[in-house]
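Participant: So that you have it, the file is start_30.cif, and it contains mmCIF, C-alpha atoms:
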data_coords
loop_
_atom_site.label_atom_id
_atom_site.label_comp_id
_atom_site.auth_asym_id
_atom_site.auth_seq_id
_atom_site.Cartn_x
_atom_site.Cartn_y
_atom_site.Cartn_z
CA MET A 46 19.09 -0.97 -16.42
CA HIS A 47 16.33 -2.72 -14.48
CA ALA A 48 12.53 -2.43 -14.43
CA VAL A 49 10.03 -3.86 -11.98
CA ALA A 50 6.31 -4.14 -12.64
CA LEU A 51 3.71 -4.16 -9.91
CA ASN A 52 0.90 -6.24 -11.37
CA CYS A 53 -2.17 -4.97 -9.53
CA THR A 54 -4.61 -7.59 -10.79
CA LEU A 55 -7.21 -8.80 -8.31
CA LYS A 56 -6.54 -12.41 -9.34
CA PRO A 57 -4.03 -14.42 -7.27
CA SER A 58 -1.58 -16.69 -9.04
CA PRO A 59 -1.87 -18.88 -11.02
CA ALA A 60 -5.09 -17.40 -12.42
CA GLU A 61 -4.82 -16.05 -15.95
CA SER A 62 -4.81 -12.26 -15.97
CA SER A 63 -5.19 -9.63 -18.68
CA THR A 64 -2.98 -7.35 -16.59
CA ASP A 65 -0.26 -9.99 -16.62
CA LYS A 66 -0.48 -10.19 -20.40
CA MET A 67 -0.13 -6.40 -20.62
CA VAL A 68 2.92 -6.50 -18.33
CA ALA A 69 4.51 -9.16 -20.54
CA HIS A 70 3.81 -6.99 -23.60
CA ALA A 71 5.43 -3.96 -21.94
CA PHE A 72 8.41 -6.04 -20.88
CA ASP A 73 8.91 -7.27 -24.42
CA ALA A 74 9.24 -3.62 -25.46
CA LEU A 75 11.59 -2.75 -22.60
CA SER A 76 13.77 -5.79 -23.25
CA LYS A 77 14.54 -4.46 -26.72
CA HIS A 78 16.44 -1.69 -24.92
CA ASP A 79 18.50 -4.14 -22.83
CA VAL A 80 16.39 -3.60 -19.72
CA SER A 81 16.19 -6.52 -17.29
CA VAL A 82 12.69 -7.03 -15.91
CA GLU A 83 10.81 -8.63 -13.04
CA THR A 84 7.14 -8.78 -12.06
CA VAL A 85 5.52 -8.66 -8.64
CA ARG A 86 1.90 -9.82 -8.55
CA VAL A 87 0.99 -7.77 -5.51
CA VAL A 88 -2.11 -9.75 -4.54
CA ASP A 89 0.12 -12.79 -3.90
CA PHE A 90 1.74 -10.89 -1.01
CA ASP A 91 0.36 -9.88 2.36
CA VAL A 92 0.36 -6.10 1.89
CA LYS A 93 -1.29 -4.54 4.92
CA PRO A 94 -3.40 -1.39 4.67
CA GLY A 95 -1.71 1.72 6.02
CA VAL A 96 0.76 4.45 5.19
CA GLU A 97 3.81 3.30 7.13
CA ALA A 98 6.88 1.69 5.56
CA ASP A 99 6.28 -1.47 7.61
CA MET A 100 2.89 -2.20 9.16
CA GLY A 101 4.26 -5.21 11.09
CA ASP A 102 2.46 -8.51 11.77
CA GLY A 103 3.71 -10.27 8.64
CA ASP A 104 3.48 -7.26 6.33
CA GLN A 105 5.32 -8.12 3.09
CA TRP A 106 5.34 -4.63 1.63
CA PRO A 107 8.95 -4.00 2.75
CA GLU A 108 10.06 -6.89 0.51
CA ILE A 109 8.25 -5.35 -2.46
CA VAL A 110 9.54 -1.84 -1.87
CA GLU A 111 13.14 -3.07 -1.82
CA ARG A 112 12.60 -4.45 -5.32
CA ILE A 113 11.38 -1.02 -6.38
CA VAL A 114 14.44 0.59 -4.79
CA SER A 115 16.70 -1.67 -6.88
CA ALA A 116 14.96 -0.67 -10.13
CA ASP A 117 15.41 2.28 -12.47
CA ILE A 118 11.88 2.03 -13.88
CA LEU A 119 8.62 1.20 -12.10
CA LEU A 120 5.63 0.01 -14.12
CA VAL A 121 2.30 0.08 -12.31
CA ALA A 122 -0.17 -2.11 -14.18
CA THR A 123 -3.82 -2.28 -13.22
CA PRO A 124 -7.15 -3.49 -14.51
CA THR A 125 -10.14 -1.17 -14.68
CA TRP A 126 -12.98 -1.92 -12.30
CA VAL A 127 -16.11 0.29 -12.21
CA GLY A 128 -14.09 2.99 -13.94
CA HIS A 129 -11.24 3.04 -11.42
CA MET A 130 -7.87 1.41 -10.78
CA SER A 131 -7.99 -1.78 -8.75
CA SER A 132 -8.03 -1.63 -4.97
CA VAL A 133 -4.63 -3.33 -5.09
CA ALA A 134 -3.19 -0.43 -7.12
CA GLN A 135 -4.70 2.08 -4.71
CA ARG A 136 -3.10 0.26 -1.79
CA VAL A 137 0.27 0.33 -3.57
CA LEU A 138 0.04 4.11 -3.87
CA GLU A 139 -0.94 4.46 -0.22
CA ARG A 140 2.01 2.35 0.88
CA LEU A 141 4.44 4.20 -1.40
CA ASP A 142 3.49 7.42 0.39
CA ALA A 143 5.80 6.38 3.24
CA GLU A 144 8.76 6.73 0.88
CA LEU A 145 8.52 10.50 1.14
CA SER A 146 10.13 10.11 4.58
CA ASN A 147 12.86 7.70 3.44
CA THR A 148 15.63 9.89 2.09
CA ASP A 149 19.04 9.36 0.55
CA ASP A 150 22.36 10.95 1.54
CA GLU A 151 21.38 14.12 -0.34
CA ASN A 152 18.07 14.43 1.57
CA ARG A 153 16.02 13.42 -1.49
CA PRO A 154 13.10 10.99 -1.06
CA ARG A 155 14.61 7.74 -2.28
CA MET A 156 12.19 7.35 -5.19
CA VAL A 157 13.43 10.61 -6.69
CA GLY A 158 15.42 9.76 -9.81
CA LYS A 159 13.33 6.72 -10.71
CA VAL A 160 10.99 6.64 -13.70
CA GLY A 161 7.30 5.76 -13.34
CA ILE A 162 5.14 4.39 -16.17
CA ALA A 163 1.66 2.88 -16.30
CA ALA A 164 -0.37 0.23 -18.10
CA VAL A 165 -4.14 -0.22 -17.87
CA VAL A 166 -6.49 -2.86 -19.25
CA GLY A 167 -10.26 -3.22 -19.16
CA ASN A 168 -13.40 -3.68 -21.22
CA GLU A 169 -14.88 -0.43 -19.91
CA ASP A 170 -13.94 3.26 -19.96
CA GLY A 171 -11.57 4.71 -17.39
CA ALA A 172 -7.98 4.30 -18.60
CA HIS A 173 -7.20 8.00 -18.97
CA LYS A 174 -8.58 8.83 -15.53
CA ILE A 175 -6.66 5.95 -13.97
CA VAL A 176 -3.40 7.06 -15.61
CA ALA A 177 -4.00 10.63 -14.43
CA ASP A 178 -4.47 9.43 -10.85
CA LEU A 179 -1.48 7.11 -11.01
CA PHE A 180 0.85 9.72 -12.45
CA GLN A 181 -0.18 12.40 -9.96
CA SER A 182 0.50 10.03 -7.08
CA LEU A 183 3.77 8.66 -8.46
CA ASN A 184 5.03 12.17 -9.18
CA ASP A 185 4.16 13.31 -5.65
CA ILE A 186 6.19 10.39 -4.29
CA GLY A 187 9.19 11.37 -6.41
CA PHE A 188 8.98 9.40 -9.65
CA SER A 189 9.68 11.17 -12.94
CA ILE A 190 7.11 10.62 -15.69
CA PRO A 191 8.37 10.36 -19.28
CA ALA A 192 6.60 11.78 -22.30
CA GLN A 193 3.73 9.51 -23.35
CA GLY A 194 4.46 7.26 -20.39
CA SER A 195 1.35 5.09 -20.41
CA THR A 196 -0.19 2.35 -22.50
CA TYR A 197 -3.66 0.88 -22.29
CA TRP A 198 -6.28 -1.29 -23.91
CA ASN A 199 -10.02 -0.72 -23.62
CA GLY A 200 -12.34 -3.29 -25.07
CA GLU A 201 -15.80 -2.49 -26.31
CA ALA A 202 -17.98 -1.33 -23.42
CA MET A 203 -20.15 -4.08 -21.89
CA SER A 204 -18.57 -6.75 -24.08
CA GLY A 205 -17.18 -10.02 -22.80
CA THR A 206 -13.78 -9.76 -24.47
CA ASP A 207 -10.72 -9.36 -22.26
CA PHE A 208 -7.21 -8.37 -23.31
CA LYS A 209 -5.98 -11.88 -22.48
CA ASP A 210 -8.46 -13.28 -25.02
CA LEU A 211 -6.99 -11.38 -27.98
CA ASP A 212 -5.13 -13.44 -30.58
CA GLU A 213 -2.67 -10.59 -31.18
CA ILE A 214 -1.79 -7.22 -29.75
CA PRO A 215 -3.58 -4.41 -31.63
CA GLU A 216 -1.21 -2.21 -33.61
CA ALA A 217 -2.21 0.94 -31.73
CA VAL A 218 -1.39 -0.71 -28.40
CA ARG A 219 1.86 -2.13 -29.74
CA SER A 220 3.13 1.19 -31.08
CA THR A 221 2.07 3.04 -27.93
CA THR A 222 3.86 0.55 -25.71
CA GLU A 223 7.00 0.83 -27.83
CA SER A 224 6.92 4.60 -27.26
CA VAL A 225 6.48 4.12 -23.51
CA ALA A 226 9.52 1.82 -23.38
CA ARG A 227 11.69 4.07 -25.55
CA ASN A 228 10.85 7.22 -23.60
CA ALA A 229 11.16 5.54 -20.19
CA VAL A 230 14.63 4.22 -21.00
CA HIS A 231 15.68 7.61 -22.37
CA LEU A 232 14.62 9.42 -19.20
CA ALA A 233 16.07 6.77 -16.90
CA THR A 234 19.40 7.03 -18.74
CA LEU A 235 19.47 10.80 -18.30
CA LEU A 236 18.66 10.51 -14.59
CA ARG A 237 21.45 8.00 -14.14
CA GLN A 238 23.87 10.43 -15.74
CA ARG A 239 22.67 13.43 -13.78
CA GLN A 240 20.54 13.01 -10.66
CA TYR A 241 18.31 15.76 -9.31
CA ALA A 242 20.04 18.37 -7.16
CA PRO A 243 20.30 17.69 -3.40
CA TYR A 244 17.33 18.79 -1.33
CA PRO A 245 17.83 21.41 1.41
CA GLY A 246 18.68 19.84 4.76
#
What's the structure tokens form of this structure?

Facilitator:
Amino acid sequence: MHAVALNCTLKPSPAESSTDKMVAHAFDALSKHDVSVETVRVVDFDVKPGVEADMGDGDQWPEIVERIVSADILLVATPTWVGHMSSVAQRVLERLDAELSNTDDENRPRMVGKVGIAAVVGNEDGAHKIVADLFQSLNDIGFSIPAQGSTYWNGEAMSGTDFKDLDEIPEAVRSTTESVARNAVHLATLLRQRQYAPYPG
């Protein structure tokens, strides 16, 4: 089984990122279930605005989407900025919208049968709203959402502490992330064994 994370930090590589630390934490949990993992830091790619599968003129989204196609589990990880997901995460959702028109041999949108999970970090409120928005969008596109499929960390409001600055992962975050991994793998296994029924032609 394979998982890909879209790290939607606003910081290009090699800048240190709390979102990257959260992705690594989630991948540690997934790896315990024999899931291979890879990360795409989206801001390092030229992802054009738009809602087409390929916006041309050097658009690198098609390269990213093929990595998603090869995965069983998609993790969308985003920081919180002014109470919302990052603009990078919003662009990812807008670009994924084109996948509704890309169907398999059974007329299903090709993201149907994949599992979507989320991770959010930030030292301000907003994680629950971000997860709600992410899950609604991912589900519309065809992803299946497992029980308790998100993990997050919120620091004290208006403090200067970031997730990347923590000496250790808080127990509540650790146990939540373990549940996300366990439930995501469970659902992905079931979907591998029995895919959704064909869509009407």

Participant: List, as a list in words, every residue that the PyMOL selection byres ((chain A and resi 71) around 10) selects in the file provided.

Facilitator: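 Listing what the PyMOL selection byres ((chain A and resi 71) around 10) selects in the shown file: Ala50, Asp65, Lys66, Met67, Val68, Ala69, His70, Phe72, Asp73, Ala74, Leu75, Ser76, Val82, Leu120, Ala122, Ala163, Ala164, Thr196, Val218, Arg219, Thr221, Thr222, Glu223, Val225 and Ala226 of chain A.
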
Participant: For the residues in the current selection, export C-alpha atoms as an mmCIF file, in the frame of the given file.

Facilitator:
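Contents of the output file result31.cif:
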data_model
loop_
_atom_site.group_PDB
_atom_site.id
_atom_site.type_symbol
_atom_site.label_atom_id
_atom_site.label_comp_id
_atom_site.auth_asym_id
_atom_site.auth_seq_id
_atom_site.Cartn_x
_atom_site.Cartn_y
_atom_site.Cartn_z
ATOM 1 C CA ALA A 50 6.310 -4.140 -12.640
ATOM 2 C CA ASP A 65 -0.260 -9.990 -16.620
ATOM 3 C CA LYS A 66 -0.480 -10.190 -20.400
ATOM 4 C CA MET A 67 -0.130 -6.400 -20.620
ATOM 5 C CA VAL A 68 2.920 -6.500 -18.330
ATOM 6 C CA ALA A 69 4.510 -9.160 -20.540
ATOM 7 C CA HIS A 70 3.810 -6.990 -23.600
ATOM 8 C CA PHE A 72 8.410 -6.040 -20.880
ATOM 9 C CA ASP A 73 8.910 -7.270 -24.420
ATOM 10 C CA ALA A 74 9.240 -3.620 -25.460
ATOM 11 C CA LEU A 75 11.590 -2.750 -22.600
ATOM 12 C CA SER A 76 13.770 -5.790 -23.250
ATOM 13 C CA VAL A 82 12.690 -7.030 -15.910
ATOM 14 C CA LEU A 120 5.630 0.010 -14.120
ATOM 15 C CA ALA A 122 -0.170 -2.110 -14.180
ATOM 16 C CA ALA A 163 1.660 2.880 -16.300
ATOM 17 C CA ALA A 164 -0.370 0.230 -18.100
ATOM 18 C CA THR A 196 -0.190 2.350 -22.500
ATOM 19 C CA VAL A 218 -1.390 -0.710 -28.400
ATOM 20 C CA ARG A 219 1.860 -2.130 -29.740
ATOM 21 C CA THR A 221 2.070 3.040 -27.930
ATOM 22 C CA THR A 222 3.860 0.550 -25.710
ATOM 23 C CA GLU A 223 7.000 0.830 -27.830
ATOM 24 C CA VAL A 225 6.480 4.120 -23.510
ATOM 25 C CA ALA A 226 9.520 1.820 -23.380
#

Participant: So how far away is CA of Ile109 in chain A from CA of Leu236 in chain A, in Å?

Facilitator: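 Computing it gives 22.5 Å between the two atoms.
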
Participant: When distances are computed from all atoms listed in the file, which of A:Glu61, A:Trp198, A:Asp91, A:His231 shows the smallest separation from Ala217 in chain A?

Facilitator: A:Trp198

Participant: Hey, what comes out of the PyMOL selection byres ((chain A and resi 246) around 8) on this file? Could you write it as a list of chain:residue names?

Facilitator: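 For this structure, the PyMOL selection byres ((chain A and resi 246) around 8) captures A:Asn152, A:Tyr244, A:Pro245.
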
Participant: Taking all atoms listed in the file into account, which of A:Lys209, A:His129, A:Arg140, A:Arg227 comes nearest Ile162 in chain A?

Facilitator: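 Using all atoms listed in the file, the shortest distance to Ile162 in chain A belongs to A:Arg227.
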
Participant: Any idea what's packed within 12 Å of Leu141 in chain A, counting all atoms listed in the file, ignoring anything in its chain fewer than 6 positions away? Could you give it as a PDB file with C-alpha atoms, in the coordinates of the input?

Facilitator:
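Everything below was put into out_19.pdb:
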ATOM      1  CA  LEU A  51       3.710  -4.160  -9.910  1.00  0.00           C
ATOM      2  CA  VAL A  92       0.360  -6.100   1.890  1.00  0.00           C
ATOM      3  CA  PRO A  94      -3.400  -1.390   4.670  1.00  0.00           C
ATOM      4  CA  GLY A  95      -1.710   1.720   6.020  1.00  0.00           C
ATOM      5  CA  VAL A  96       0.760   4.450   5.190  1.00  0.00           C
ATOM      6  CA  GLU A  97       3.810   3.300   7.130  1.00  0.00           C
ATOM      7  CA  ALA A  98       6.880   1.690   5.560  1.00  0.00           C
ATOM      8  CA  ASP A  99       6.280  -1.470   7.610  1.00  0.00           C
ATOM      9  CA  TRP A 106       5.340  -4.630   1.630  1.00  0.00           C
ATOM     10  CA  PRO A 107       8.950  -4.000   2.750  1.00  0.00           C
ATOM     11  CA  ILE A 109       8.250  -5.350  -2.460  1.00  0.00           C
ATOM     12  CA  VAL A 110       9.540  -1.840  -1.870  1.00  0.00           C
ATOM     13  CA  GLU A 111      13.140  -3.070  -1.820  1.00  0.00           C
ATOM     14  CA  ILE A 113      11.380  -1.020  -6.380  1.00  0.00           C
ATOM     15  CA  VAL A 114      14.440   0.590  -4.790  1.00  0.00           C
ATOM     16  CA  LEU A 119       8.620   1.200 -12.100  1.00  0.00           C
ATOM     17  CA  VAL A 121       2.300   0.080 -12.310  1.00  0.00           C
ATOM     18  CA  ALA A 134      -3.190  -0.430  -7.120  1.00  0.00           C
ATOM     19  CA  GLN A 135      -4.700   2.080  -4.710  1.00  0.00           C
ATOM     20  CA  ASN A 147      12.860   7.700   3.440  1.00  0.00           C
ATOM     21  CA  PRO A 154      13.100  10.990  -1.060  1.00  0.00           C
ATOM     22  CA  ARG A 155      14.610   7.740  -2.280  1.00  0.00           C
ATOM     23  CA  MET A 156      12.190   7.350  -5.190  1.00  0.00           C
ATOM     24  CA  LEU A 179      -1.480   7.110 -11.010  1.00  0.00           C
ATOM     25  CA  SER A 182       0.500  10.030  -7.080  1.00  0.00           C
ATOM     26  CA  LEU A 183       3.770   8.660  -8.460  1.00  0.00           C
ATOM     27  CA  ASN A 184       5.030  12.170  -9.180  1.00  0.00           C
ATOM     28  CA  ASP A 185       4.160  13.310  -5.650  1.00  0.00           C
ATOM     29  CA  ILE A 186       6.190  10.390  -4.290  1.00  0.00           C
ATOM     30  CA  GLY A 187       9.190  11.370  -6.410  1.00  0.00           C
ATOM     31  CA  PHE A 188       8.980   9.400  -9.650  1.00  0.00           C
TER      32      PHE A 188
END

Participant: Nearest to Val88 in chain A among A:Ala233, A:Ala60, A:Ala116, A:Val160, with distances taken over all atoms listed in the file: which residue is it?

Facilitator: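 That would be A:Ala60, the residue with the smallest distance to Val88 in chain A.
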
Participant: Have a look at CA of Asp210 in chain A and CA of Asn52 in chain A and let me know their distance in Å, one decimal.

Facilitator: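 Pair CA of Asp210 in chain A / CA of Asn52 in chain A returns 18.0 Å.
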
Participant: Have a look at CA of Ala192 in chain A and CA of Thr84 in chain A and let me know their distance in Å, one decimal.

Facilitator: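 Taking CA of Ala192 in chain A as the start and CA of Thr84 in chain A as the end point, the length is 23.0 Å.
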